[in-house]
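Report on the following structure.
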Amino acid sequence: MTNLIEDTRQRLASQGVHSILVQFCDLHGVSKGKLVPLELLREWVEQGAGFAGPSIWGTGLPRYGARSEYYGRLQLDSLRVLPFMPGVAHGVCDGFAGGQALDTCSRQVLRRQVQALKDRGWTLWVGIEPEFFLLRRDAHGRWGAADAHDALDKPSYDLKAIHRNAGFLEDMRSTLVALGFELQQIDHEDARGQYEINYRFDDGLAAADRYMLFKMVAHAVAEKHGMTFSCMPKPLAGSPGSGLHFHLSITDADGKALFADGTGALGISPLGHSFVAGLLHHADALSAICAPTVNSYKRLASSSVASGTTWSPVWKSYGDNNRTCVVRTVAGRIEWRLPDPSCNPYAAIAATLAAGLDGVDRALVPPEPVAGDLYEQRAQGLPMPPRLPASLDAALSALEADTALRSAVGSAFCEQFLSLKRAEWDAYSQHVSDWELEHYGDAF
C-alpha cells in the first residue's frame, strides 16, 4: 500500500494535480467534502480528512469527545482528475469515527451489504438510470423548465430540445467520458425540461460512487450554462416525475448470472423470483429509503399527465417488460423502478439488496406476474395489486414496523434516518401552501 500511495501521488502530481476534493455524502445523499493538499495523500488514505461530526446530517455523533470527529478515509482507487476543476482530483471517502467504521455512514452501510454478499461468493451488479430536470427561476422566483421553448405536451425524444441544449449535453458527455463513464444514450424524457443520461453498469458500491460523481458533474455543468440540475422527483405538476431505476443482477464466483434462466418464467430463475418476492414483501418500508421526500409521493401517484402517459410504479407487482409494475423483468435481470433521484444511492442499494436477499433466504414466492397495463386494468374496474404507500408518513411508518429490514440495513443508520425524515414530514405537515389558501381562504 505504501508504494501504491506514493506512486499515485507522483502520477497525479505529474498531471498538474495539487489538491484532492475528498467527498462523502450525508444521510440525505447530498455530497459533502473539502479540498486537501495532494502531498498529504498518505494521511487522507490511512487516517482520513477530519470533519466536525455533528455538522453533518445523520452521523449521530456528539459535540465532544473522541467520536465527535468524522474522518473520511479516501479510497485510493476512486481518484479521478476533475476536468472542470483544474489541478483537482476527486476521491470518495468512507466514514470513520473513533478509529472505527461509522455505522451511520451510508457508504459503510452499503459496504457491509456488499461484503455479506461477497461472503456467499456473489457479486451485485447495478445499472443506474439517472433522470433529471433542467430548471430555472423566472422573474417572479418561480421554478420552471430552463428551456422556455420546451413546451410540447409529449416531449419524449424531442430533437429540437436536444439541439437547443446541445452545449449542456456536450459538456456533460465530454466530462463524463473524461471521468471514465461508458455512455450508452442521452435523450429527452417525457416531461418538459427532463433528460436521461445512461451509462454502463458497475458493481454495487462502484455504481453508487459513480452516480454521486455524475450528480457532481451535472450540478457544475448546469450552473455553467445558467441552469439548475434538479433531482427533485416531481418539480412540475401535470408532468411525469423522475425515477432512478436500478437494473439488478447477481453473479456467482464463476461469473454466472444467477437471476437469468432462459427456460424459467419471465426468463428469470427461481432464485430471481425469490429476490423479487423479497422486494415486494418489503416494498412499503423500502419506499421510505428509495423515495425519501415529501415530493417523492407526488411522483408515486396515478395522476394524469400532459403527455397522456405516466410511468409511475404505483402498485406492488411485477411483470415481463411491464413498466406499469414496480418490478420489471427484462433480459434476465430485474429492474427496480421504485427509487427516485432524491434518494441516498448507498442506502437505497443497500436496502434493496437486503430485502431481495431476505426473499432468497426465506424462499419467498412472489404473486402472479402482471400481464397487462395496470392503469388500463384500474380504469376497467378490475382487481388491483396492493399499492405502495401514498405519503412519506405512511412509508416511514412501514419502515418503523419492518424490524427485519431495519436490522438488515443497520439499526443505527435507520434510527437516524427515521428521526430526520419524521422531522421533515412534521415540517411539511405544518406548512400552509398556496393551494390551501386559494381553496380555503374565503370558502367558508
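Residues are named by chain letter and number: chains run A, B, ... in the order of the C-alpha cells, numbers start at 1 in each chain, and ligands are numbered from 1 in the order shown.
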
Inset, instruction - Determine, counting only C-alpha atoms, which protein, DNA and RNA residues have an atom within 9 Å of an atom of region 123-139 of chain A; residues of the same chain fewer than 6 positions away are not included. Present the result as number ranges by chain. - result: A: 114, 117, 145-147, 189, 191-208, 211, 214, 222, 226-233, 235, 241-253, 255, 335, 340-341, 349, 353

Keeping C-alpha atoms, export the residues of the selection given above as an mmCIF file, in the first residue's frame.
```cif
data_model
loop_
_atom_site.group_PDB
_atom_site.id
_atom_site.type_symbol
_atom_site.label_atom_id
_atom_site.label_comp_id
_atom_site.auth_asym_id
_atom_site.auth_seq_id
_atom_site.Cartn_x
_atom_site.Cartn_y
_atom_site.Cartn_z
ATOM 1 C CA VAL A 114 -21.814 -5.982 -0.419
ATOM 2 C CA LEU A 117 -22.961 -10.931 -0.468
ATOM 3 C CA ALA A 145 -38.200 24.324 -17.247
ATOM 4 C CA ALA A 146 -34.936 26.117 -18.047
ATOM 5 C CA ASP A 147 -35.685 25.941 -21.770
ATOM 6 C CA GLU A 189 -37.620 12.344 -21.374
ATOM 7 C CA ALA A 191 -41.636 15.892 -19.162
ATOM 8 C CA ARG A 192 -40.678 19.408 -20.130
ATOM 9 C CA GLY A 193 -37.086 20.094 -19.154
ATOM 10 C CA GLN A 194 -36.441 16.423 -18.325
ATOM 11 C CA TYR A 195 -33.491 14.373 -19.602
ATOM 12 C CA GLU A 196 -31.908 10.989 -19.069
ATOM 13 C CA ILE A 197 -28.259 10.013 -19.491
ATOM 14 C CA ASN A 198 -27.444 6.307 -19.329
ATOM 15 C CA TYR A 199 -24.048 4.725 -18.750
ATOM 16 C CA ARG A 200 -22.677 1.245 -18.173
ATOM 17 C CA PHE A 201 -23.483 -0.750 -15.032
ATOM 18 C CA ASP A 202 -20.955 -1.468 -12.277
ATOM 19 C CA ASP A 203 -20.671 -3.428 -9.054
ATOM 20 C CA GLY A 204 -22.975 -2.190 -6.312
ATOM 21 C CA LEU A 205 -20.547 0.038 -4.402
ATOM 22 C CA ALA A 206 -18.929 1.499 -7.514
ATOM 23 C CA ALA A 207 -22.373 2.152 -9.026
ATOM 24 C CA ALA A 208 -23.343 4.338 -6.063
ATOM 25 C CA TYR A 211 -23.894 8.186 -9.505
ATOM 26 C CA PHE A 214 -22.498 12.020 -12.034
ATOM 27 C CA ALA A 222 -25.726 23.033 -15.447
ATOM 28 C CA GLY A 226 -27.142 29.160 -16.311
ATOM 29 C CA MET A 227 -29.432 26.284 -15.330
ATOM 30 C CA THR A 228 -30.143 24.178 -12.246
ATOM 31 C CA PHE A 229 -29.705 20.407 -12.338
ATOM 32 C CA SER A 230 -32.619 19.081 -10.267
ATOM 33 C CA CYS A 231 -33.048 15.691 -8.627
ATOM 34 C CA MET A 232 -36.474 16.704 -7.309
ATOM 35 C CA PRO A 233 -38.722 13.738 -8.181
ATOM 36 C CA PRO A 235 -40.988 19.524 -9.825
ATOM 37 C CA GLY A 241 -41.636 12.707 -12.465
ATOM 38 C CA SER A 242 -38.076 11.434 -12.449
ATOM 39 C CA GLY A 243 -37.152 7.915 -11.456
ATOM 40 C CA LEU A 244 -33.766 6.438 -10.631
ATOM 41 C CA HIS A 245 -34.319 2.888 -11.800
ATOM 42 C CA PHE A 246 -31.911 0.174 -10.638
ATOM 43 C CA HIS A 247 -31.159 -2.671 -13.064
ATOM 44 C CA LEU A 248 -30.070 -5.504 -10.792
ATOM 45 C CA SER A 249 -28.226 -8.748 -11.413
ATOM 46 C CA ILE A 250 -26.080 -11.063 -9.304
ATOM 47 C CA THR A 251 -23.270 -13.305 -10.499
ATOM 48 C CA ASP A 252 -21.540 -16.166 -8.711
ATOM 49 C CA ALA A 253 -17.792 -16.721 -8.358
ATOM 50 C CA GLY A 255 -19.446 -15.144 -13.383
ATOM 51 C CA GLU A 335 -35.429 -3.540 -12.900
ATOM 52 C CA ASP A 340 -36.135 8.314 -7.380
ATOM 53 C CA PRO A 341 -33.147 10.683 -7.697
ATOM 54 C CA ILE A 349 -28.973 -0.029 -2.961
ATOM 55 C CA LEU A 353 -30.142 -5.816 -1.646
#
```

Legend entry - Non-local contacts of Arg164 (chain A) (12 Å; only C-alpha atoms; under 6 positions in same chain excluded) as a PyMOL selection string: chain A and resi 146-150+158+170+188+193+225

Legend entry - Option closest in space to Gln15 (chain A), from A:Trp57, A:Pro86, A:Pro369, A:Leu35 [counting only C-alpha atoms]: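 Closest to Gln15 (chain A) of all the choices is A:Pro86.
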
Inset, instruction - Can you work out which one of A:Ala97, A:Ala288, A:Leu74, A:Leu176 has the shortest atom-to-atom distance to Leu61 (chain A), counting only C-alpha atoms? - result: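 Distance minimum relative to Leu61 (chain A) lands on A:Ala97.
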
Inset, instruction - Would you mind telling me which residue in A:Ala390, A:Met172, A:Val109, A:Ala331 lies nearest to Ser407 (chain A) when using only C-alpha atoms? - result: A:Val109

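Put simply, CA of Gln113 (chain A) is 11.4 Å away from CA of Ala348 (chain A).
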
Inset, instruction - Go through A:Tyr346, A:Tyr64, A:Phe444, A:Trp336 and flag the residue nearest Met212 (chain A), using only C-alpha atoms for the distances. - result: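 So, comparing all the options, the nearest one is A:Tyr346.
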
Legend entry - From A:Leu213, A:Val22, A:Leu405, A:Val88, residue lying nearest Gly180 (chain A) [only C-alpha atoms]: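 Nearest candidate to Gly180 (chain A) out of A:Leu213, A:Val22, A:Leu405, A:Val88: A:Leu213.
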
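For the set A:Ala371, A:Leu82, A:Ile186, A:Ala283, the residue with the smallest atom-to-atom gap to Asn165 (chain A) is A:Ile186, counting only C-alpha atoms.
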
Inset, instruction - Mind the document's chain letters and residue numbers, and return as a PyMOL selection string the residues of region 109-349 of chain A that DSSP labels alpha helix (DSSP H). - result: chain A and resi 109-118+159-164+166-178+204-224+270-281+283-290+296-299+345-349

Can I get the selected residues back with C-alpha atoms, as an mmCIF file, in the first residue's frame?
```
data_model
loop_
_atom_site.group_PDB
_atom_site.id
_atom_site.type_symbol
_atom_site.label_atom_id
_atom_site.label_comp_id
_atom_site.auth_asym_id
_atom_site.auth_seq_id
_atom_site.Cartn_x
_atom_site.Cartn_y
_atom_site.Cartn_z
ATOM 1 C CA VAL A 109 -23.914 0.543 5.230
ATOM 2 C CA LEU A 110 -23.660 -0.496 1.575
ATOM 3 C CA ARG A 111 -20.130 -1.824 2.038
ATOM 4 C CA ARG A 112 -21.424 -4.211 4.748
ATOM 5 C CA GLN A 113 -24.214 -5.470 2.485
ATOM 6 C CA VAL A 114 -21.814 -5.982 -0.419
ATOM 7 C CA GLN A 115 -19.355 -7.823 1.823
ATOM 8 C CA ALA A 116 -22.101 -10.116 3.130
ATOM 9 C CA LEU A 117 -22.961 -10.931 -0.468
ATOM 10 C CA LYS A 118 -19.296 -11.497 -1.283
ATOM 11 C CA LEU A 159 -34.699 16.541 -31.036
ATOM 12 C CA LYS A 160 -35.397 20.282 -31.134
ATOM 13 C CA ALA A 161 -34.814 20.442 -27.382
ATOM 14 C CA ILE A 162 -31.660 18.358 -27.846
ATOM 15 C CA HIS A 163 -30.403 20.902 -30.398
ATOM 16 C CA ARG A 164 -31.237 23.899 -28.202
ATOM 17 C CA ALA A 166 -26.543 20.838 -27.200
ATOM 18 C CA GLY A 167 -23.993 22.913 -25.262
ATOM 19 C CA PHE A 168 -25.010 21.460 -21.897
ATOM 20 C CA LEU A 169 -25.306 17.927 -23.259
ATOM 21 C CA GLU A 170 -21.926 18.037 -24.994
ATOM 22 C CA ASP A 171 -20.257 19.361 -21.848
ATOM 23 C CA MET A 172 -21.881 16.518 -19.901
ATOM 24 C CA ARG A 173 -20.787 13.953 -22.484
ATOM 25 C CA SER A 174 -17.169 15.079 -22.701
ATOM 26 C CA THR A 175 -16.772 15.474 -18.928
ATOM 27 C CA LEU A 176 -18.302 12.097 -18.121
ATOM 28 C CA VAL A 177 -16.175 10.345 -20.751
ATOM 29 C CA ALA A 178 -13.047 12.017 -19.360
ATOM 30 C CA GLY A 204 -22.975 -2.190 -6.312
ATOM 31 C CA LEU A 205 -20.547 0.038 -4.402
ATOM 32 C CA ALA A 206 -18.929 1.499 -7.514
ATOM 33 C CA ALA A 207 -22.373 2.152 -9.026
ATOM 34 C CA ALA A 208 -23.343 4.338 -6.063
ATOM 35 C CA ASP A 209 -19.976 6.135 -6.183
ATOM 36 C CA ARG A 210 -20.397 6.755 -9.897
ATOM 37 C CA TYR A 211 -23.894 8.186 -9.505
ATOM 38 C CA MET A 212 -22.672 10.617 -6.837
ATOM 39 C CA LEU A 213 -19.911 11.704 -9.242
ATOM 40 C CA PHE A 214 -22.498 12.020 -12.034
ATOM 41 C CA LYS A 215 -24.533 14.399 -9.869
ATOM 42 C CA MET A 216 -21.455 16.476 -9.029
ATOM 43 C CA VAL A 217 -20.669 16.839 -12.732
ATOM 44 C CA ALA A 218 -24.269 17.678 -13.616
ATOM 45 C CA HIS A 219 -24.555 20.380 -10.950
ATOM 46 C CA ALA A 220 -21.337 22.019 -12.147
ATOM 47 C CA VAL A 221 -22.137 21.819 -15.859
ATOM 48 C CA ALA A 222 -25.726 23.033 -15.447
ATOM 49 C CA GLU A 223 -24.562 26.030 -13.413
ATOM 50 C CA LYS A 224 -22.042 26.875 -16.138
ATOM 51 C CA PRO A 270 -36.267 -19.418 -9.119
ATOM 52 C CA LEU A 271 -33.643 -17.507 -7.130
ATOM 53 C CA GLY A 272 -34.519 -14.378 -9.116
ATOM 54 C CA HIS A 273 -38.208 -14.840 -8.378
ATOM 55 C CA SER A 274 -37.462 -15.147 -4.669
ATOM 56 C CA PHE A 275 -35.401 -11.951 -4.856
ATOM 57 C CA VAL A 276 -38.385 -10.219 -6.463
ATOM 58 C CA ALA A 277 -40.641 -11.614 -3.739
ATOM 59 C CA GLY A 278 -38.345 -10.080 -1.124
ATOM 60 C CA LEU A 279 -38.566 -6.687 -2.823
ATOM 61 C CA LEU A 280 -42.358 -6.831 -2.930
ATOM 62 C CA HIS A 281 -42.609 -8.119 0.634
ATOM 63 C CA ALA A 283 -41.755 -2.629 -0.642
ATOM 64 C CA ASP A 284 -43.630 -0.408 1.808
ATOM 65 C CA ALA A 285 -40.579 0.000 4.059
ATOM 66 C CA LEU A 286 -38.256 0.313 1.060
ATOM 67 C CA SER A 287 -40.360 3.244 -0.138
ATOM 68 C CA ALA A 288 -39.085 5.333 2.767
ATOM 69 C CA ILE A 289 -35.445 4.827 1.739
ATOM 70 C CA CYS A 290 -35.886 4.704 -2.050
ATOM 71 C CA SER A 296 -41.494 11.612 -3.942
ATOM 72 C CA TYR A 297 -45.144 10.692 -3.404
ATOM 73 C CA LYS A 298 -46.301 13.261 -5.954
ATOM 74 C CA ARG A 299 -44.395 11.057 -8.420
ATOM 75 C CA PRO A 345 -27.945 5.788 -3.529
ATOM 76 C CA TYR A 346 -25.800 3.913 -1.000
ATOM 77 C CA ALA A 347 -28.718 3.450 1.383
ATOM 78 C CA ALA A 348 -31.184 2.655 -1.404
ATOM 79 C CA ILE A 349 -28.973 -0.029 -2.961
#
```

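Taking CA of Ser433 (chain A) and CA of Thr310 (chain A) as endpoints, the distance between them is 25.3 Å.
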
Legend entry - strand (DSSP E) positions in region 88-293 of chain A, given as an MDAnalysis selection string: chainID A and resid 88:97 100:101 123:137 143:145 183:188 194:199 202:203 228:230 244:251
